[in-house]
$ cat target.cif   # mmCIF, C-alpha atoms and all ligand atoms
data_model
loop_
_atom_site.label_atom_id
_atom_site.label_comp_id
_atom_site.auth_asym_id
_atom_site.auth_seq_id
_atom_site.Cartn_x
_atom_site.Cartn_y
_atom_site.Cartn_z
CA MET E 21 75.77 71.27 100.56
CA ARG E 22 78.93 69.75 99.17
CA VAL E 23 81.71 72.10 100.34
CA ILE E 24 85.46 72.08 99.75
CA ILE E 25 87.61 74.01 102.24
CA LEU E 26 91.04 74.82 100.84
CA GLY E 27 93.59 75.52 103.56
CA GLY E 28 91.61 73.37 105.99
CA ASP E 29 94.47 72.99 108.48
CA GLY E 30 94.68 76.74 109.16
CA TYR E 31 93.59 79.01 112.00
CA LEU E 32 90.34 79.68 110.11
CA GLY E 33 90.12 76.60 107.87
CA TRP E 34 89.89 73.97 110.59
CA PRO E 35 87.19 75.71 112.68
CA THR E 36 85.25 76.36 109.44
CA ALA E 37 85.42 72.67 108.53
CA MET E 38 84.04 71.61 111.92
CA HIS E 39 81.36 74.34 111.80
CA PHE E 40 80.06 73.18 108.41
CA ALA E 41 80.32 69.45 109.20
CA ALA E 42 78.40 69.99 112.45
CA ARG E 43 75.61 71.60 110.42
CA GLY E 44 75.23 68.57 108.18
CA HIS E 45 77.22 69.69 105.15
CA ASP E 46 79.38 67.25 103.20
CA VAL E 47 82.89 68.63 103.83
CA VAL E 48 86.29 67.96 102.22
CA VAL E 49 89.35 69.77 103.56
CA VAL E 50 92.54 70.21 101.56
CA ASP E 51 95.89 71.30 102.94
CA ASN E 52 99.59 70.76 102.15
CA TYR E 53 100.82 71.86 105.62
CA LEU E 54 102.69 74.85 104.18
CA ARG E 55 101.96 76.94 107.27
CA ARG E 56 103.23 74.19 109.59
CA LEU E 57 106.41 73.97 107.52
CA ILE E 58 107.03 77.73 107.54
CA ALA E 59 106.26 77.86 111.27
CA ARG E 60 108.97 75.23 111.89
CA GLN E 61 111.44 76.92 109.55
CA THR E 62 110.99 80.32 111.22
CA SER E 63 110.63 79.10 114.84
CA SER E 64 107.05 80.39 114.97
CA GLU E 65 105.13 77.42 116.30
CA ALA E 66 101.59 77.77 117.65
CA LEU E 67 100.99 78.01 121.41
CA MET E 68 99.28 74.65 121.86
CA PRO E 69 100.22 71.53 119.94
CA ASN E 70 97.74 70.74 117.14
CA PRO E 71 97.39 67.14 115.98
CA ASN E 72 97.63 66.77 112.21
CA LEU E 73 94.53 67.15 110.06
CA GLN E 74 93.81 63.44 109.72
CA LYS E 75 94.00 62.97 113.49
CA ARG E 76 91.83 66.02 114.18
CA ALA E 77 89.20 64.77 111.70
CA GLU E 78 89.19 61.29 113.31
CA LEU E 79 88.85 62.81 116.76
CA PHE E 80 86.07 65.17 115.67
CA GLU E 81 84.14 62.29 114.11
CA ALA E 82 84.56 60.13 117.21
CA ILE E 83 83.25 62.92 119.45
CA SER E 84 80.57 64.52 117.28
CA GLY E 85 79.64 61.83 114.75
CA HIS E 86 80.33 64.25 111.89
CA LYS E 87 82.73 63.21 109.16
CA ILE E 88 85.31 65.48 107.53
CA ARG E 89 87.17 64.08 104.54
CA VAL E 90 90.87 65.02 104.47
CA GLU E 91 93.06 65.46 101.39
CA ILE E 92 96.71 66.28 102.02
CA ALA E 93 97.58 67.92 98.73
CA ASP E 94 98.79 71.13 97.14
CA CYS E 95 96.25 73.49 95.56
CA THR E 96 98.94 74.65 93.14
CA ASP E 97 98.86 71.12 91.64
CA TYR E 98 96.18 71.45 88.96
CA ARG E 99 95.91 67.69 88.28
CA PHE E 100 94.91 67.15 91.91
CA MET E 101 92.42 70.03 91.82
CA GLN E 102 90.87 68.70 88.60
CA ARG E 103 90.42 65.22 90.05
CA LEU E 104 88.87 66.55 93.26
CA PHE E 105 86.44 69.01 91.63
CA GLU E 106 85.44 66.49 88.93
CA GLU E 107 84.70 63.74 91.44
CA PHE E 108 83.18 65.79 94.33
CA ARG E 109 81.27 68.41 92.25
CA PRO E 110 81.27 71.04 95.02
CA GLU E 111 78.42 73.51 95.36
CA ALA E 112 80.69 75.86 97.33
CA VAL E 113 84.44 76.19 97.77
CA VAL E 114 85.95 78.25 100.59
CA HIS E 115 89.43 79.35 99.57
CA TYR E 116 91.80 79.98 102.50
CA ALA E 117 94.78 78.20 100.89
CA GLU E 118 97.21 81.09 100.98
CA GLN E 119 100.46 81.98 102.69
CA PRO E 120 98.78 84.41 105.13
CA SER E 121 101.67 86.24 106.80
CA ALA E 122 102.61 89.77 105.78
CA PRO E 123 105.99 89.65 107.63
CA TYR E 124 106.93 86.29 106.06
CA SER E 125 106.31 87.69 102.59
CA MET E 126 108.74 90.54 103.34
CA ILE E 127 111.76 88.48 104.52
CA GLY E 128 113.49 88.27 101.15
CA TYR E 129 113.26 87.03 97.58
CA ASP E 130 112.58 83.36 98.35
CA GLU E 131 109.76 84.07 100.78
CA ALA E 132 108.21 86.72 98.51
CA HIS E 133 108.41 84.36 95.54
CA GLN E 134 106.89 81.50 97.48
CA THR E 135 104.03 83.74 98.67
CA LEU E 136 103.37 85.06 95.17
CA ASN E 137 103.51 81.62 93.54
CA ASN E 138 101.46 79.84 96.15
CA ASN E 139 98.73 82.44 96.46
CA LEU E 140 98.28 83.31 92.79
CA ASN E 141 98.57 79.75 91.51
CA ALA E 142 96.17 78.38 94.11
CA THR E 143 93.59 81.04 93.18
CA PHE E 144 94.14 80.45 89.46
CA ASN E 145 93.65 76.71 89.93
CA VAL E 146 90.45 77.21 91.94
CA ILE E 147 89.11 79.37 89.11
CA TRP E 148 89.96 76.79 86.45
CA ALA E 149 88.78 73.78 88.47
CA VAL E 150 85.42 75.53 88.87
CA LEU E 151 85.26 76.63 85.21
CA GLU E 152 86.04 73.14 83.92
CA HIS E 153 84.34 70.88 86.46
CA ALA E 154 81.79 72.73 88.61
CA PRO E 155 80.74 75.94 86.83
CA ASP E 156 77.81 76.59 89.18
CA CYS E 157 80.01 76.33 92.29
CA HIS E 158 80.11 79.47 94.46
CA ILE E 159 83.71 80.55 95.17
CA ILE E 160 84.05 82.11 98.62
CA LYS E 161 87.45 83.71 98.65
CA LEU E 162 89.17 85.09 101.74
CA GLY E 163 90.53 88.46 100.78
CA THR E 164 91.76 91.05 103.26
CA MET E 165 90.94 94.59 104.37
CA GLY E 166 94.68 95.13 103.80
CA GLU E 167 93.97 95.20 100.06
CA TYR E 168 92.59 98.72 100.48
CA GLY E 169 95.47 100.09 102.57
CA ALA E 170 94.55 103.18 104.58
CA PRO E 171 93.30 105.74 102.04
CA ASN E 172 92.29 109.24 103.04
CA VAL E 173 88.67 108.65 101.90
CA ASP E 174 85.85 106.32 103.00
CA ILE E 175 86.27 102.71 101.82
CA PRO E 176 83.18 101.18 100.18
CA GLU E 177 82.57 97.41 99.98
CA GLY E 178 84.64 96.70 96.92
CA TRP E 179 83.04 98.97 94.36
CA ILE E 180 83.17 102.74 93.94
CA GLU E 181 81.15 104.93 91.62
CA ILE E 182 83.38 107.46 89.89
CA GLU E 183 82.28 110.58 88.04
CA HIS E 184 84.98 111.74 85.67
CA ARG E 185 84.57 114.54 83.11
CA GLY E 186 80.82 114.34 83.31
CA ARG E 187 80.49 110.55 82.88
CA LYS E 188 79.97 107.86 85.53
CA GLY E 189 81.27 104.32 85.95
CA THR E 190 81.60 101.72 88.72
CA PHE E 191 85.03 100.23 89.43
CA LEU E 192 86.83 98.15 92.01
CA PHE E 193 88.08 100.57 94.67
CA PRO E 194 91.76 101.49 94.06
CA ARG E 195 93.92 99.28 96.23
CA GLN E 196 97.34 99.92 97.71
CA ALA E 197 98.56 97.19 100.03
CA GLY E 198 101.37 97.47 102.57
CA SER E 199 103.06 94.07 102.09
CA LEU E 200 103.68 91.60 99.30
CA TYR E 201 101.27 89.17 100.98
CA HIS E 202 98.47 91.79 100.94
CA THR E 203 99.39 92.60 97.33
CA THR E 204 98.87 88.95 96.30
CA LYS E 205 95.31 89.31 97.58
CA VAL E 206 94.81 92.39 95.37
CA LEU E 207 96.02 90.32 92.42
CA ASP E 208 93.69 87.45 93.42
CA THR E 209 90.74 89.84 93.31
CA ASP E 210 91.73 91.03 89.84
CA LEU E 211 92.03 87.44 88.59
CA LEU E 212 88.63 86.54 90.01
CA TRP E 213 87.00 89.66 88.55
CA PHE E 214 88.42 88.90 85.10
CA TYR E 215 86.96 85.38 85.11
CA VAL E 216 83.66 86.52 86.64
CA ARG E 217 83.03 89.12 83.94
CA THR E 218 84.33 86.95 81.12
CA PHE E 219 82.98 83.49 81.96
CA GLY E 220 80.23 84.14 84.50
CA LEU E 221 81.73 82.61 87.66
CA ARG E 222 79.94 83.33 90.94
CA VAL E 223 82.32 84.77 93.55
CA THR E 224 82.17 86.35 96.99
CA ASP E 225 85.40 88.09 98.05
CA LEU E 226 85.47 88.54 101.83
CA MET E 227 87.75 91.45 102.78
CA GLN E 228 88.60 90.38 106.28
CA GLY E 229 90.36 92.30 109.03
CA PRO E 230 92.63 90.72 111.68
CA VAL E 231 90.83 87.89 113.53
CA TYR E 232 91.22 87.07 117.24
CA GLY E 233 90.15 84.28 119.53
CA LEU E 234 91.08 80.79 120.64
CA SER E 235 88.03 78.65 120.43
CA THR E 236 84.68 77.94 118.82
CA PRO E 237 81.73 75.79 119.98
CA GLU E 238 83.16 72.80 118.10
CA SER E 239 86.76 73.23 119.30
CA ASP E 240 85.47 73.42 122.88
CA LEU E 241 84.58 69.70 122.58
CA ASP E 242 88.24 68.74 123.10
CA GLU E 243 91.39 70.86 123.42
CA ARG E 244 93.03 68.84 120.62
CA LEU E 245 90.44 70.43 118.29
CA LEU E 246 91.56 74.00 119.07
CA PRO E 247 92.61 76.18 116.13
CA ASN E 248 96.34 76.75 115.76
CA PHE E 249 96.89 79.83 117.89
CA HIS E 250 99.95 81.85 116.90
CA TYR E 251 101.49 84.69 118.93
CA ASP E 252 104.83 85.08 117.13
CA ASP E 253 105.66 88.07 114.90
CA ILE E 254 105.17 86.03 111.70
CA PHE E 255 101.76 84.37 112.05
CA GLY E 256 100.34 85.96 115.19
CA THR E 257 97.74 88.69 114.66
CA LEU E 258 97.68 91.72 116.92
CA VAL E 259 95.06 90.79 119.53
CA ASN E 260 96.29 87.21 119.88
CA ARG E 261 99.83 88.50 120.36
CA PHE E 262 98.72 91.00 122.99
CA LEU E 263 96.84 88.25 124.90
CA VAL E 264 100.00 86.16 125.15
CA GLN E 265 102.21 89.14 125.96
CA ALA E 266 99.83 90.17 128.75
CA VAL E 267 99.95 86.68 130.26
CA ALA E 268 103.74 86.36 129.84
CA GLY E 269 104.43 89.76 131.46
CA VAL E 270 106.11 91.08 128.29
CA PRO E 271 105.26 94.75 127.52
CA LEU E 272 102.68 94.92 124.75
CA THR E 273 104.49 95.52 121.45
CA VAL E 274 102.89 98.69 120.09
CA TYR E 275 104.51 99.29 116.69
CA GLY E 276 105.47 102.97 116.31
CA LYS E 277 102.89 105.57 117.29
CA GLY E 278 100.12 102.96 117.63
CA GLY E 279 97.55 105.00 115.69
CA GLN E 280 97.17 102.25 113.07
CA VAL E 281 93.44 101.47 112.81
CA ARG E 282 92.10 98.16 111.52
CA GLY E 283 88.73 96.39 111.46
CA TYR E 284 88.77 93.41 113.83
CA LEU E 285 86.51 90.41 114.34
CA ASN E 286 86.07 87.42 116.62
CA LEU E 287 86.92 83.99 115.19
CA ASN E 288 83.31 82.97 115.80
CA ASP E 289 82.19 85.82 113.55
CA THR E 290 84.47 84.62 110.74
CA LEU E 291 82.51 81.35 110.87
CA GLN E 292 79.20 83.22 110.80
CA CYS E 293 80.31 85.39 107.87
CA VAL E 294 81.50 82.47 105.75
CA ASP E 295 78.30 80.60 106.59
CA LEU E 296 76.15 83.61 105.61
CA ALA E 297 78.08 84.03 102.36
CA MET E 298 77.61 80.35 101.51
CA ASN E 299 73.92 80.28 102.34
CA ASN E 300 73.27 83.44 100.32
CA PRO E 301 75.12 82.73 97.08
CA VAL E 302 75.48 85.34 94.35
CA ASP E 303 74.24 84.90 90.80
CA ARG E 304 76.56 83.77 88.06
CA GLY E 305 78.52 86.67 86.62
CA GLU E 306 78.64 88.52 89.94
CA LEU E 307 81.63 89.44 92.10
CA ARG E 308 80.28 90.40 95.52
CA VAL E 309 82.75 92.11 97.85
CA LEU E 310 81.95 92.23 101.57
CA ASN E 311 84.07 93.97 104.20
CA GLN E 312 84.39 91.39 106.97
CA PHE E 313 84.96 92.95 110.39
CA THR E 314 82.73 94.05 113.23
CA GLU E 315 84.50 97.01 114.89
CA THR E 316 87.55 99.22 114.38
CA PHE E 317 90.31 99.91 116.90
CA SER E 318 93.70 101.56 116.86
CA VAL E 319 96.66 99.61 118.23
CA ASN E 320 96.76 102.04 121.19
CA GLU E 321 93.07 101.49 121.98
CA LEU E 322 93.60 97.73 122.04
CA ALA E 323 96.71 98.08 124.19
CA ASP E 324 94.82 100.29 126.68
CA ARG E 325 91.99 97.77 126.96
CA MET E 326 94.38 94.86 127.39
CA VAL E 327 96.25 96.75 130.14
CA ARG E 328 93.01 97.58 131.99
CA VAL E 329 91.41 94.13 131.75
CA GLY E 330 94.70 92.30 132.37
CA ARG E 331 95.34 94.29 135.54
CA GLN E 332 91.83 93.49 136.78
CA LEU E 333 92.85 89.82 136.51
CA GLY E 334 96.02 90.48 138.50
CA LEU E 335 98.37 90.38 135.51
CA ASP E 336 101.35 92.71 135.24
CA VAL E 337 100.47 94.31 131.87
CA GLN E 338 102.20 97.31 130.36
CA ALA E 339 102.31 98.73 126.85
CA LYS E 340 105.50 99.94 125.19
CA SER E 341 106.03 101.54 121.80
CA ILE E 342 108.84 99.96 119.80
CA PRO E 343 110.22 101.02 116.39
CA ASN E 344 107.70 99.98 113.75
CA PRO E 345 109.15 97.12 111.69
CA ARG E 346 106.54 97.82 108.98
CA LYS E 347 106.25 100.63 106.50
CA GLU E 348 102.71 101.84 107.17
CA PRO E 349 100.92 105.04 108.22
CA GLU E 350 100.87 105.27 112.03
CA GLU E 351 98.18 107.96 112.17
CA HIS E 352 95.54 108.00 109.47
CA TYR E 353 91.90 108.34 108.48
CA TYR E 354 90.03 105.00 108.37
CA ASN E 355 86.34 104.64 107.64
CA PRO E 356 85.38 101.44 105.79
CA ASP E 357 81.76 100.45 105.13
CA HIS E 358 80.68 97.11 106.59
CA SER E 359 76.94 96.80 106.26
CA GLY E 360 76.76 93.92 103.74
CA LEU E 361 77.25 91.07 106.21
CA LEU E 362 75.02 92.73 108.82
CA GLU E 363 72.27 92.89 106.17
CA LEU E 364 72.76 89.16 105.52
CA GLY E 365 72.15 88.53 109.25
CA LEU E 366 75.55 88.73 111.01
CA GLU E 367 75.14 89.00 114.79
CA PRO E 368 78.51 90.33 115.97
CA HIS E 369 80.35 89.10 119.05
CA TYR E 370 81.95 92.38 120.11
CA MET E 371 85.20 92.64 122.06
CA THR E 372 83.77 93.42 125.49
CA ASP E 373 85.84 93.40 128.68
CA GLU E 374 84.23 90.01 129.52
CA VAL E 375 85.34 88.56 126.16
CA LEU E 376 88.88 89.87 126.69
CA ALA E 377 88.99 88.50 130.25
CA GLU E 378 87.76 85.09 129.07
CA MET E 379 90.45 84.94 126.36
CA LEU E 380 93.15 85.98 128.84
CA GLU E 381 92.05 83.20 131.20
CA GLN E 382 92.17 80.69 128.34
CA VAL E 383 95.72 81.75 127.40
CA ARG E 384 96.74 81.64 131.05
CA LYS E 385 96.18 77.86 131.06
CA TYR E 386 99.01 77.56 128.54
CA LYS E 387 101.37 80.07 130.17
CA ASP E 388 104.15 77.49 130.57
CA LEU E 389 104.19 76.86 126.82
CA ILE E 390 104.89 80.50 125.90
CA ASP E 391 108.29 81.03 124.28
CA VAL E 392 109.08 84.73 124.79
CA ASP E 393 111.81 84.60 122.13
CA MET E 394 109.09 84.52 119.47
CA ILE E 395 107.54 87.81 120.50
CA MET E 396 109.74 90.69 119.31
CA PRO E 397 109.59 91.49 115.58
CA ARG E 398 112.24 89.67 113.58
CA VAL E 399 111.27 90.94 110.11
CA VAL E 400 111.75 94.64 109.35
CA TRP E 401 110.79 96.41 106.14
CA ASN E 402 110.93 99.96 107.40
CA GLU E 403 114.42 101.28 106.69
CA ALA E 404 114.28 103.94 109.43
CA SER E 405 113.36 101.36 112.09
CA LYS E 406 116.06 98.99 110.88
CA GLU E 407 118.70 101.52 111.87
CA GLU E 408 116.96 102.37 115.14
CA SER E 409 116.46 98.79 116.31
CA GLY E 410 119.73 97.38 115.00
CA VAL E 411 117.82 94.54 113.28
CA VAL E 412 119.36 93.49 109.96
N1 LIG E 501 100.90 95.55 115.18
C1 LIG E 501 101.45 96.12 116.33
N2 LIG E 501 102.08 95.27 117.19
C2 LIG E 501 102.20 93.93 116.98
C3 LIG E 501 101.63 93.37 115.82
C4 LIG E 501 101.00 94.21 114.93
O1 LIG E 501 101.35 97.31 116.57
O2 LIG E 501 102.80 93.25 117.82
C5 LIG E 501 100.17 96.41 114.24
C6 LIG E 501 100.63 96.27 112.80
O3 LIG E 501 101.73 97.12 112.53
C7 LIG E 501 99.36 96.62 112.03
C8 LIG E 501 98.23 96.13 112.93
O4 LIG E 501 98.81 95.99 114.23
O5 LIG E 501 99.25 98.01 111.90
C9 LIG E 501 97.61 94.81 112.51
O6 LIG E 501 98.63 93.84 112.40
P1 LIG E 501 98.32 92.28 112.34
O7 LIG E 501 99.64 91.57 112.41
O8 LIG E 501 97.28 91.91 113.32
O9 LIG E 501 97.64 92.15 110.90
P2 LIG E 501 98.24 91.96 109.43
O10 LIG E 501 99.71 91.79 109.38
O11 LIG E 501 97.69 93.08 108.60
O12 LIG E 501 97.64 90.59 108.96
C10 LIG E 501 96.56 89.94 109.57
C11 LIG E 501 96.53 88.51 109.03
C12 LIG E 501 96.28 88.58 107.54
C13 LIG E 501 95.01 89.36 107.27
C14 LIG E 501 95.10 90.75 107.89
C15 LIG E 501 93.86 91.60 107.79
O13 LIG E 501 97.76 87.86 109.32
O14 LIG E 501 96.24 87.25 107.01
O15 LIG E 501 94.83 89.48 105.89
O16 LIG E 501 95.34 90.58 109.30
S1 LIG E 501 94.24 93.33 107.67
O17 LIG E 501 95.12 93.71 108.77
O18 LIG E 501 92.99 94.08 107.72
O19 LIG E 501 94.93 93.53 106.41
#
$ encode --input "target.cif" --output "structure tokens" --more "lines below"
Ligand code: USQ
Amino acid sequence: MRVIILGGDGYLGWPTAMHFAARGHDVVVVDNYLRRLIARQTSSEALMPNPNLQKRAELFEAISGHKIRVEIADCTDYRFMQRLFEEFRPEAVVHYAEQPSAPYSMIGYDEAHQTLNNNLNATFNVIWAVLEHAPDCHIIKLGTMGEYGAPNVDIPEGWIEIEHRGRKGTFLFPRQAGSLYHTTKVLDTDLLWFYVRTFGLRVTDLMQGPVYGLSTPESDLDERLLPNFHYDDIFGTLVNRFLVQAVAGVPLTVYGKGGQVRGYLNLNDTLQCVDLAMNNPVDRGELRVLNQFTETFSVNELADRMVRVGRQLGLDVQAKSIPNPRKEPEEHYYNPDHSGLLELGLEPHYMTDEVLAEMLEQVRKYKDLIDVDMIMPRVVWNEASKEESGVV
């Protein structure tokens, strides 16, 4: 298939590009290096150095024989998007081109505005480029489980049937995100749904939980092909941060009570899910929502596992609760459905002790590159914790 991957330099975008190219698809990646820029501006660089996209594509082609076309461009530039979609006529577009950090979006006006503008305008331009130049193209959009928040009822996959005063209807599940970043994803979903029901686009919205992992079969070909692995408070996701903290001997940063439950998945399962979505497209006029995670854990459960497995490897691992920089429930009900991707054929890689030990050993190789100054939270949007921690 002809596939465009927007945000192809990212933690998920680059491994996805290699995964599809290795399976014989015709792949174009687009990125404007926004994440690299923000990482430099906020001192949040990835653990290992990552060559730029052009260099990674050249290297991947030299090693594997599979070509990935690179476009360094901004998805919020509609003229560029028009030219690309008109010329390439994609059959699928995977849209990762968003500012993905919740903490970054909560720093202040400029960061919130940049997140809102980038994310909404990129999504809007994808919609219009498809409408005008490739109306049959399947849009695979990375949403987030964070769109739902942590409601006190079971979370379906996108749609809920409501009975109200004796009549029934089906609606998108009410969403209440905990950061401006997560809120932009709610708005993305609404934009997509409007254009699906009005102009018959075909869209899959993948509501993904936090992803963990350092490598994929393709990135194992050469360490310069590894995904950008962040462990800072801005771009690092929980498990990846805990892996680095365990190796560095820094107490695991449990935010608040640690009862926050999320649905997690291995990076290799993200690739499987996106692949399954692409190979099982929806009909025109359909918005399919799939909850993309394989198992749920609380922060405390993950900390306990990391302590146990880390100690078995001889690491000095401890967990410590610190004031929660985020405004979020720290003890709550959480029961989201996630059968859609399993029905499509997902074979989960669960987080076993062996998987954790393997990831810890991988991080250990880069121990000397860890900068411990990036670990403690620097962005606080919980007023009570601000006073407690003295962070301004
Ligand atoms: N947390 C800690 N300690 C830490 C870091 C995080 O206790 O050192 C807690 C957070 O407070 C939160 C949970 O762990 O309750 C998950 O945090 P996270 O940073 O792994 O995830 P989040 O900020 O929600 O964002 C990440 C990705 C985002 C994606 C989202 C899926 O950065 O792009 O959309 O995971 S979800 O969490 O389901 O919304």
$ residues_around --input "target.cif" --residues "region 356-366 of chain E" --least-positions-apart "6" --cutoff "9 Å" --atoms "only C-alpha atoms" --output "ChimeraX atom specification"
/E:165,173-177,283,289,292-293,296-297,300,309-314
$ residues_around --input "target.cif" --residues "Ser405 (chain E)" --least-positions-apart "2" --cutoff "7 Å" --atoms "all atoms listed in the file" --output "JSON, numbers by chain"
{"E": [343, 344, 345, 402, 403, 407, 408, 409]}
$ closest_residue --input "target.cif" --among "E:Gln382, E:Asn138, E:Ser341, E:Gln332" --to "ligand LIG 501 (chain E)" --atoms "only C-alpha atoms and all ligand atoms"
E:Ser341
$ atom_distance --input "target.cif" --atom1 "CA of Tyr251 (chain E)" --atom2 "CA of Val281 (chain E)"
19.6 Å
$ closest_residue --input "target.cif" --among "E:Leu335, E:Leu162, E:Val329, E:Ala268" --to "Asp393 (chain E)" --atoms "only C-alpha atoms"
E:Ala268
$ axis_aligned_box --input "target.cif" --around "ligand LIG 501 (chain E)" --padding-each-side "6 Å" --output "AutoDock Vina command-line options"
--center_x 97.9 --center_y 92.6 --center_z 111.9 --size_x 21.8 --size_y 22.8 --size_z 23.9
$ closest_residue --input "target.cif" --among "E:Leu263, E:Val23, E:Leu140, E:Met126" --to "Cys95 (chain E)" --atoms "all atoms listed in the file"
E:Leu140
$ residues_around --input "target.cif" --residues "Thr204 (chain E)" --least-positions-apart "2" --cutoff "8 Å" --atoms "all atoms listed in the file" --output "PDB file with C-alpha atoms, keeping the file's coordinate frame"
ATOM      1  CA  THR E 135     104.030  83.740  98.670  1.00  0.00           C
ATOM      2  CA  LEU E 136     103.370  85.060  95.170  1.00  0.00           C
ATOM      3  CA  ASN E 139      98.730  82.440  96.460  1.00  0.00           C
ATOM      4  CA  LEU E 140      98.280  83.310  92.790  1.00  0.00           C
ATOM      5  CA  LEU E 200     103.680  91.600  99.300  1.00  0.00           C
ATOM      6  CA  TYR E 201     101.270  89.170 100.980  1.00  0.00           C
ATOM      7  CA  HIS E 202      98.470  91.790 100.940  1.00  0.00           C
ATOM      8  CA  VAL E 206      94.810  92.390  95.370  1.00  0.00           C
ATOM      9  CA  LEU E 207      96.020  90.320  92.420  1.00  0.00           C
ATOM     10  CA  ASP E 208      93.690  87.450  93.420  1.00  0.00           C
TER      11      ASP E 208
END
$ residues_around --input "target.cif" --residues "Pro397 (chain E)" --least-positions-apart "6" --cutoff "9 Å" --atoms "all atoms listed in the file" --output "MDAnalysis selection string"
chainID E and resid 123 252:254 273 344:345
$ closest_residue --input "target.cif" --among "E:Leu32, E:Ile127, E:Ile390, E:Ala404" --to "ligand LIG 501 (chain E)" --atoms "all atoms listed in the file"
E:Leu32
$ closest_residue --input "target.cif" --among "E:Tyr98, E:Phe191, E:Tyr370, E:Tyr284" --to "ligand LIG 501 (chain E)" --atoms "all atoms listed in the file"
E:Tyr284
$ residues_around --input "target.cif" --residues "Asp303 (chain E)" --least-positions-apart "4" --cutoff "12 Å" --atoms "all atoms listed in the file" --output "ChimeraX atom specification"
/E:155-159,216-217,220-224,307-308
$ decode --input "target.cif" --residues "region 371-383 of chain E" --atoms "N, CA and C atoms" --output "mmCIF file, in the first residue's frame"
data_model
loop_
_atom_site.group_PDB
_atom_site.id
_atom_site.type_symbol
_atom_site.label_atom_id
_atom_site.label_comp_id
_atom_site.auth_asym_id
_atom_site.auth_seq_id
_atom_site.Cartn_x
_atom_site.Cartn_y
_atom_site.Cartn_z
ATOM 1 N N MET E 371 3.770 -7.437 29.815
ATOM 2 C CA MET E 371 4.934 -6.970 30.575
ATOM 3 C C MET E 371 5.313 -8.015 31.629
ATOM 4 N N THR E 372 5.969 -9.068 31.198
ATOM 5 C CA THR E 372 6.404 -10.101 32.144
ATOM 6 C C THR E 372 7.679 -9.637 32.843
ATOM 7 N N ASP E 373 8.089 -10.379 33.868
ATOM 8 C CA ASP E 373 9.354 -10.059 34.541
ATOM 9 C C ASP E 373 10.522 -10.152 33.552
ATOM 10 N N GLU E 374 10.455 -11.133 32.619
ATOM 11 C CA GLU E 374 11.543 -11.290 31.628
ATOM 12 C C GLU E 374 11.620 -10.052 30.736
ATOM 13 N N VAL E 375 10.450 -9.551 30.320
ATOM 14 C CA VAL E 375 10.433 -8.360 29.450
ATOM 15 C C VAL E 375 11.017 -7.166 30.211
ATOM 16 N N LEU E 376 10.621 -7.014 31.476
ATOM 17 C CA LEU E 376 11.152 -5.901 32.274
ATOM 18 C C LEU E 376 12.669 -6.028 32.440
ATOM 19 N N ALA E 377 13.125 -7.249 32.729
ATOM 20 C CA ALA E 377 14.565 -7.464 32.940
ATOM 21 C C ALA E 377 15.337 -7.150 31.652
ATOM 22 N N GLU E 378 14.783 -7.569 30.531
ATOM 23 C CA GLU E 378 15.451 -7.311 29.243
ATOM 24 C C GLU E 378 15.561 -5.802 28.981
ATOM 25 N N MET E 379 14.466 -5.074 29.290
ATOM 26 C CA MET E 379 14.504 -3.617 29.056
ATOM 27 C C MET E 379 15.497 -2.953 30.010
ATOM 28 N N LEU E 380 15.536 -3.422 31.263
ATOM 29 C CA LEU E 380 16.497 -2.840 32.217
ATOM 30 C C LEU E 380 17.933 -3.066 31.740
ATOM 31 N N GLU E 381 18.189 -4.267 31.208
ATOM 32 C CA GLU E 381 19.549 -4.553 30.706
ATOM 33 C C GLU E 381 19.883 -3.660 29.514
ATOM 34 N N GLN E 382 18.883 -3.417 28.667
ATOM 35 C CA GLN E 382 19.134 -2.532 27.512
ATOM 36 C C GLN E 382 19.483 -1.121 27.979
ATOM 37 N N VAL E 383 18.712 -0.613 28.960
ATOM 38 C CA VAL E 383 18.965 0.747 29.457
ATOM 39 C C VAL E 383 20.328 0.813 30.144
#
